There are 2 protein chains.
Amino acid sequence: MTAATSDEGAAVPVTIRDVARASGVHISTVSRTFSAPHLVNPETRVRVLACAEDLGYRPNRAARALITGRTHNIGLIIADIANPFFPPLIKAAESQARHRDYHVFVADTNEDPAAEEELVHALAKQVDGVLLCSPRMSNSLIEQLSREVPLVVVNRQVTGLPCVLMDVGQGARAAIEHLIGLGHTRIALLGGPRSSWTNREMRRTATTAARAGGAELTLIGPNAPTETGGSAVAEQVRRSGVSAVLAYNDLMAIGLIEGLDALGVRVPQEVSVVGVDDIALSRLTRPKLTTVATPTAAAGRTAVDMLLQQDTESPRGARGLGAGTAIGVRRTTAQVMLQTDLVIRDSTGPGPQARPARPLAAPQGPDPHCPAGPGAPTAATGDAVAS
Amino acid sequence: MTAATSDEGAAVPVTIRDVARASGVHISTVSRTFSAPHLVNPETRVRVLACAEDLGYRPNRAARALITGRTHNIGLIIADIANPFFPPLIKAAESQARHRDYHVFVADTNEDPAAEEELVHALAKQVDGVLLCSPRMSNSLIEQLSREVPLVVVNRQVTGLPCVLMDVGQGARAAIEHLIGLGHTRIALLGGPRSSWTNREMRRTATTAARAGGAELTLIGPNAPTETGGSAVAEQVRRSGVSAVLAYNDLMAIGLIEGLDALGVRVPQEVSVVGVDDIALSRLTRPKLTTVATPTAAAGRTAVDMLLQQDTESPRGARGLGAGTAIGVRRTTAQVMLQTDLVIRDSTGPGPQARPARPLAAPQGPDPHCPAGPGAPTAATGDAVAS
DNA sequence: GCTGATCCTGCAAAGGTTTGCAGTGAAGTA
DNA sequence: TACTTCACTGCAAACCTTTGCAGGATCAGC
């Protein structure tokens, strides 16, 4: 009201001091109006708020961070933003963070472990915590970095640290069982990056599932987790004589299908292919991809929740109390495992054992009906299961 | 050297003061060692640097920002991160920014103009500038917001503001000419969001190109720029009797192909479809999509460059000089137009005029050979053309 | 009328850094 | 020797906010 209406002025930033002057109170009262409203007289409060609104005042979060030790920012470190697995995760994490009044830095490491480390250091002072998504660096380094800034790890199990995992083990088992059920007895597993936790997990579970089902499992890899990584091994897959393949992720699966197609090998008539992730793309290829759906959005939300919970429990660098309880106690190290779902579409079909039972004349019909047709299980709900 | 080796300590942040104590100089000397090295004695410098390294000191950017007025952060406001058009742009922008020692906030607006405005306000104090990607708010609001924080706009033309545009007009013209060349005389344009600059631009150019080529152009839309938006109008496309469609983007094109397929209409045998963007996905669908490639990565890089250039020219909120030249002069309002390229793949084929010339018996052969086969023009290089 | 409690507000220090100014000592010049 | 110049360094204020502490006013209870 009393303030000069600076509705159009230049970019001169308005501070708490301007609001104080305009409303005739001390700056500390203005500060309290925003950060501890119950401590200020209702009348004063409305007057201050009116002036602030009038002047377009916004608290300076950097200055606030300087004294409170809490930036209200988080960091999101991603192996490769262009990998379609990540955007839904980023979107969900950012949305969840903003709901809780946090802003998020996003950084891309290009799958480079050194860049990961450097980024954690660079962001440490500017954020209240960092989400490490599918990190490529060593567990011990991650542990070490977690002493510098609170960390939550996605797609990697690090003891003592909060982690969000997707149960790709279960997914791989379901995929192998699905293939065995279709009559496949020789199956290949297309591995991903060596340093990937998901990769190890898939290999472990797929191996036991294959053994249990009496199938032979061939390991191919490690490979780059990209379309090219998949197409590059098409020839090797053909030579290996398998009739079904479980790929590390959808991109590789799609690349493999492309590569097989170029070699004249047809999917699913001659080789069945299963991917992992259920990226948007996998519904749109021909044939539509059978894949293990991972709840990426849920993972993003959950990870942010865990980070923020841990954060509110132990304010970093705060002057007052709390510092006593700190020093590495770090109680909330819950690890969350999110469920995956096998989504059966059109890239898997009957194996050699099953084929003789069908009329041999129609091996190329556009009719690869699986036991459970497309649409049976759908997108994962992402129920959390504490471990 | 002299410092107590606190290699393992807790998360106690090390400040400029610790380094000063350890190296026996005043804090201002430490400060200068990092921000104005030429002002400090080489011997002192190496000693200070050694101590800093030893203690793991990292300057606190927030504190620095408080006094310099430059945060070394930028904001990236995106309509929808999950839209595959954006990740390559985000990746390129982030990479370019980090090369220049900037960190980037990423925020998703869900195509909501109100969210866009709120985000600009929220980020304003924390960044040196904001990239507005495919904004949905009004030009006048954008202009107004640009008084609060430096803005660069991508995919939208705002007079007086630096913009990065992709020449979709040229792309649309090329697409229409391609279709006309194939013998199509009735073509539909599948519009995107009403508030999209790209959308208006395409309609304008496609209309004149169609008229020039003697073809009839049907406008369908506006539609949601998604796969669903495309599949939803499949029936309408069929009823309209056109033999070719230019869609607002690849997602819609792919959705349309899906929808047409469900209706039993085959692409490209009965209807040709062209998309825009050349998202990674468009190489992987069947049929592979003919599309107008937009240089999204180049756009991200260029936009960051323009923002940072503008930023170095007029440091905001600086105490010293420079404030005199400020107040809305804003000289660097260059607008950059990036070239697009038509990439011909398999979703376009001969039109009704051309078909009678071919043997009628083989309308369903898997052989839609276009004049220029797949692979002729390839990904856009993104040469900048100042306008 | 005095004590104590309650509510609100102001004061001032603190957080980590930058930077104009002034001071030191050494080297160069007359 | 005296004076200037120069390179370097220290001092202290400033950026914007939060927050412990203390002061002032009001009011209830005795």
# chains A, B, ... in the order shown; residues from 1 in each chain; ligands from 1
$ select_by_dssp --residues "segment 78-275 of chain B" --states "alpha helix (DSSP H)" --output "PyMOL selection string"
chain B and resi 86-99+113-124+139-145+168-181+197-212+227-231+234-240+250-262
$ closest_atom_pairs --of "chain A" --to "chain D" --cutoff "8 Å" --atoms "only C-alpha atoms (C1' of nucleotides)" --output "tab-separated table"
residue	atom	partner	partner_atom	distance
A:Thr15	CA	D:DC16	C1'	7.2
A:Ile16	CA	D:DC16	C1'	7.6
A:Ser31	CA	D:DT17	C1'	7.4
A:Asn60	CA	D:DC16	C1'	6.8
A:Ala63	CA	D:DC16	C1'	5.0
A:Arg64	CA	D:DT17	C1'	5.0
A:Leu66	CA	D:DT17	C1'	8.0
A:Ile67	CA	D:DT18	C1'	6.3
A:Thr68	CA	D:DT18	C1'	7.0
$ interface_residues --of "chain A" --to "chain C" --cutoff "9 Å" --atoms "only C-alpha atoms (C1' of nucleotides)" --output "list in words"
Val25, His26, Ile27, Ser28, Thr29, Leu39, Val40, Asn41, Ala63, Ala65, Leu66, Ile67, Thr68 and Gly69 of chain A
$ write_last_selection --atoms "N, CA and C atoms" --output "compact mmCIF listing (two decimals), in the first residue's frame"
# COMPACT_ATOMS: atom_id res chain seq x y z
N VAL A 25 8.57 -1.92 9.51
CA VAL A 25 9.02 -2.82 10.57
C VAL A 25 10.49 -3.15 10.37
N HIS A 26 11.05 -3.87 11.30
CA HIS A 26 12.44 -4.27 11.18
C HIS A 26 12.56 -5.47 10.25
N ILE A 27 13.73 -5.60 9.64
CA ILE A 27 13.91 -6.71 8.70
C ILE A 27 13.68 -8.07 9.35
N SER A 28 14.00 -8.16 10.62
CA SER A 28 13.81 -9.46 11.25
C SER A 28 12.33 -9.83 11.30
N THR A 29 11.49 -8.84 11.42
CA THR A 29 10.06 -9.12 11.41
C THR A 29 9.61 -9.62 10.04
N LEU A 39 5.11 -16.30 14.84
CA LEU A 39 5.78 -15.43 15.81
C LEU A 39 5.47 -13.96 15.60
N VAL A 40 4.70 -13.66 14.58
CA VAL A 40 4.42 -12.24 14.34
C VAL A 40 2.91 -11.94 14.40
N ASN A 41 2.64 -10.82 14.95
CA ASN A 41 1.28 -10.32 15.10
C ASN A 41 0.51 -10.39 13.78
N ALA A 63 21.04 -16.73 0.03
CA ALA A 63 21.35 -16.08 1.30
C ALA A 63 20.80 -16.89 2.46
N ALA A 65 20.29 -20.05 2.47
CA ALA A 65 21.08 -21.27 2.60
C ALA A 65 22.36 -21.00 3.38
N LEU A 66 22.90 -19.83 3.17
CA LEU A 66 24.17 -19.50 3.80
C LEU A 66 24.09 -19.64 5.32
N ILE A 67 22.96 -19.27 5.86
CA ILE A 67 22.85 -19.29 7.32
C ILE A 67 22.15 -20.54 7.84
N THR A 68 21.18 -21.04 7.11
CA THR A 68 20.47 -22.23 7.59
C THR A 68 21.21 -23.52 7.26
N GLY A 69 22.04 -23.47 6.24
CA GLY A 69 22.73 -24.68 5.82
C GLY A 69 21.88 -25.59 4.97
$ interface_residues --of "chain A" --to "chain B" --cutoff "6 Å" --atoms "only C-alpha atoms" --output "VMD selection string"
chain A and resid 10 to 11 62 81 to 82 87 to 88 91 104 to 105 147 to 148 285 to 286 327
$ atom_distance --atom1 "atom CA of Val292 of chain A" --atom2 "atom CA of Ser138 of chain A"
26.4 Å
$ select_by_dssp --residues "segment 186-328 of chain A" --states "strand (DSSP E)" --output "list in words"
Arg186, Ile187, Ala188, Leu189, Leu190, Glu216, Leu217, Thr218, Leu219, Ile220, Ala244, Val245, Leu246, Ala247, Ser272, Val273, Val274, Gly275, Val276, Asp277, Thr290, Thr291, Val292 and Ala293 of chain A
$ write_last_selection --atoms "N, CA and C atoms" --output "CSV table (one decimal), in the first residue's frame"
chain,number,residue,atom,x,y,z
A,186,ARG,N,17.3,-73.1,-25.6
A,186,ARG,CA,18.6,-72.4,-25.7
A,186,ARG,C,18.4,-70.9,-25.8
A,187,ILE,N,18.8,-70.3,-24.7
A,187,ILE,CA,18.5,-68.9,-24.6
A,187,ILE,C,19.8,-68.1,-24.4
A,188,ALA,N,19.9,-66.9,-24.9
A,188,ALA,CA,21.0,-66.0,-24.7
A,188,ALA,C,20.7,-64.9,-23.8
A,189,LEU,N,21.7,-64.5,-23.0
A,189,LEU,CA,21.5,-63.3,-22.2
A,189,LEU,C,22.5,-62.2,-22.7
A,190,LEU,N,21.9,-61.1,-23.2
A,190,LEU,CA,22.8,-60.0,-23.7
A,190,LEU,C,23.1,-59.1,-22.6
A,216,GLU,N,19.4,-74.0,-21.5
A,216,GLU,CA,20.9,-73.7,-21.5
A,216,GLU,C,21.0,-72.2,-21.8
A,217,LEU,N,21.8,-71.5,-20.9
A,217,LEU,CA,21.9,-70.0,-21.0
A,217,LEU,C,23.3,-69.6,-21.5
A,218,THR,N,23.3,-68.9,-22.6
A,218,THR,CA,24.5,-68.4,-23.2
A,218,THR,C,24.7,-66.9,-22.8
A,219,LEU,N,25.9,-66.6,-22.3
A,219,LEU,CA,26.1,-65.2,-22.0
A,219,LEU,C,26.8,-64.5,-23.1
A,220,ILE,N,26.3,-63.3,-23.5
A,220,ILE,CA,27.0,-62.5,-24.5
A,220,ILE,C,27.2,-61.1,-24.0
A,244,ALA,N,16.1,-67.8,-28.4
A,244,ALA,CA,15.5,-66.7,-27.7
A,244,ALA,C,16.6,-65.9,-27.0
A,245,VAL,N,16.3,-64.6,-26.8
A,245,VAL,CA,17.3,-63.7,-26.2
A,245,VAL,C,16.6,-62.8,-25.2
A,246,LEU,N,17.3,-62.7,-24.0
A,246,LEU,CA,16.9,-61.7,-23.0
A,246,LEU,C,17.9,-60.6,-23.1
A,247,ALA,N,17.5,-59.4,-23.4
A,247,ALA,CA,18.5,-58.3,-23.5
A,247,ALA,C,18.6,-57.5,-22.2
A,272,SER,N,13.0,-65.3,-30.5
A,272,SER,CA,12.2,-64.4,-29.6
A,272,SER,C,13.1,-63.5,-28.9
A,273,VAL,N,12.7,-62.3,-28.7
A,273,VAL,CA,13.5,-61.3,-28.0
A,273,VAL,C,12.7,-60.6,-26.8
A,274,VAL,N,13.3,-60.5,-25.7
A,274,VAL,CA,12.7,-59.8,-24.6
A,274,VAL,C,13.7,-58.7,-24.1
A,275,GLY,N,13.1,-57.5,-23.9
A,275,GLY,CA,13.9,-56.4,-23.4
A,275,GLY,C,13.6,-56.2,-21.9
A,276,VAL,N,14.2,-55.1,-21.4
A,276,VAL,CA,14.0,-54.7,-20.0
A,276,VAL,C,13.8,-53.1,-20.0
A,277,ASP,N,12.8,-52.7,-19.3
A,277,ASP,CA,12.6,-51.2,-19.0
A,277,ASP,C,11.2,-50.8,-19.4
A,290,THR,N,8.1,-57.5,-26.2
A,290,THR,CA,7.9,-58.1,-24.9
A,290,THR,C,9.0,-57.6,-24.0
A,291,THR,N,8.7,-57.2,-22.8
A,291,THR,CA,9.7,-56.6,-22.0
A,291,THR,C,9.4,-56.6,-20.5
A,292,VAL,N,10.4,-56.4,-19.7
A,292,VAL,CA,10.2,-56.4,-18.3
A,292,VAL,C,10.0,-54.9,-17.9
A,293,ALA,N,8.8,-54.5,-17.5
A,293,ALA,CA,8.6,-53.1,-17.2
A,293,ALA,C,9.2,-52.8,-15.8
$ atom_distance --atom1 "atom CA of Met137 of chain A" --atom2 "atom CA of Arg156 of chain A"
10.3 Å
$ residues_around --residues "Ala262 of chain A" --least-positions-apart "2" --cutoff "12 Å" --atoms "only C-alpha atoms (C1' of nucleotides)" --output "NGL selection string"
:A and (231-232 or 234-235 or 238 or 255-260 or 264-267)
$ atom_distance --atom1 "atom CA of Thr185 of chain B" --atom2 "atom CA of Thr207 of chain B"
12.8 Å
$ residues_around --residues "Gly169 of chain A" --least-positions-apart "4" --cutoff "10 Å" --atoms "only C-alpha atoms (C1' of nucleotides)" --output "list in words"
Arg173, Ala174, Ala175, Thr198, Asn199, Arg200, Glu201, Met202, Arg203, Arg204, Thr205, Ala206, Ala209, Gln339 and Thr340 of chain A
$ write_last_selection --atoms "N, CA and C atoms" --output "CSV table (one decimal), in the first residue's frame"
chain,number,residue,atom,x,y,z
A,173,ARG,N,13.8,-63.5,-14.1
A,173,ARG,CA,13.3,-64.9,-13.9
A,173,ARG,C,12.0,-65.1,-14.6
A,174,ALA,N,11.1,-64.1,-14.5
A,174,ALA,CA,9.8,-64.2,-15.2
A,174,ALA,C,10.0,-64.3,-16.7
A,175,ALA,N,11.0,-63.5,-17.2
A,175,ALA,CA,11.2,-63.6,-18.7
A,175,ALA,C,11.7,-64.9,-19.1
A,198,THR,N,22.4,-53.8,-12.1
A,198,THR,CA,21.3,-54.5,-12.8
A,198,THR,C,21.8,-55.6,-13.6
A,199,ASN,N,22.9,-55.4,-14.3
A,199,ASN,CA,23.5,-56.4,-15.1
A,199,ASN,C,23.9,-57.7,-14.3
A,200,ARG,N,24.6,-57.5,-13.2
A,200,ARG,CA,25.0,-58.6,-12.4
A,200,ARG,C,23.7,-59.4,-11.9
A,201,GLU,N,22.8,-58.6,-11.4
A,201,GLU,CA,21.5,-59.1,-10.9
A,201,GLU,C,20.8,-60.0,-11.9
A,202,MET,N,20.7,-59.5,-13.1
A,202,MET,CA,20.0,-60.2,-14.2
A,202,MET,C,20.8,-61.5,-14.4
A,203,ARG,N,22.1,-61.5,-14.5
A,203,ARG,CA,22.8,-62.7,-14.8
A,203,ARG,C,22.6,-63.7,-13.8
A,204,ARG,N,22.7,-63.3,-12.5
A,204,ARG,CA,22.6,-64.2,-11.4
A,204,ARG,C,21.2,-64.9,-11.5
A,205,THR,N,20.1,-64.1,-11.6
A,205,THR,CA,18.8,-64.7,-11.6
A,205,THR,C,18.5,-65.5,-12.8
A,206,ALA,N,18.9,-65.0,-14.0
A,206,ALA,CA,18.6,-65.7,-15.2
A,206,ALA,C,19.3,-67.0,-15.2
A,209,ALA,N,17.3,-69.4,-13.0
A,209,ALA,CA,16.0,-69.7,-13.6
A,209,ALA,C,16.2,-70.7,-14.8
A,339,GLN,N,8.8,-53.4,-7.5
A,339,GLN,CA,8.5,-54.6,-8.3
A,339,GLN,C,8.6,-54.3,-9.8
A,340,THR,N,8.9,-55.3,-10.6
A,340,THR,CA,8.8,-55.2,-12.0
A,340,THR,C,7.7,-56.2,-12.6
$ closest_residue --among "B:Val120, B:Pro225, B:Thr208, B:Asp54" --to "Gln170 of chain B" --atoms "only C-alpha atoms"
B:Thr208
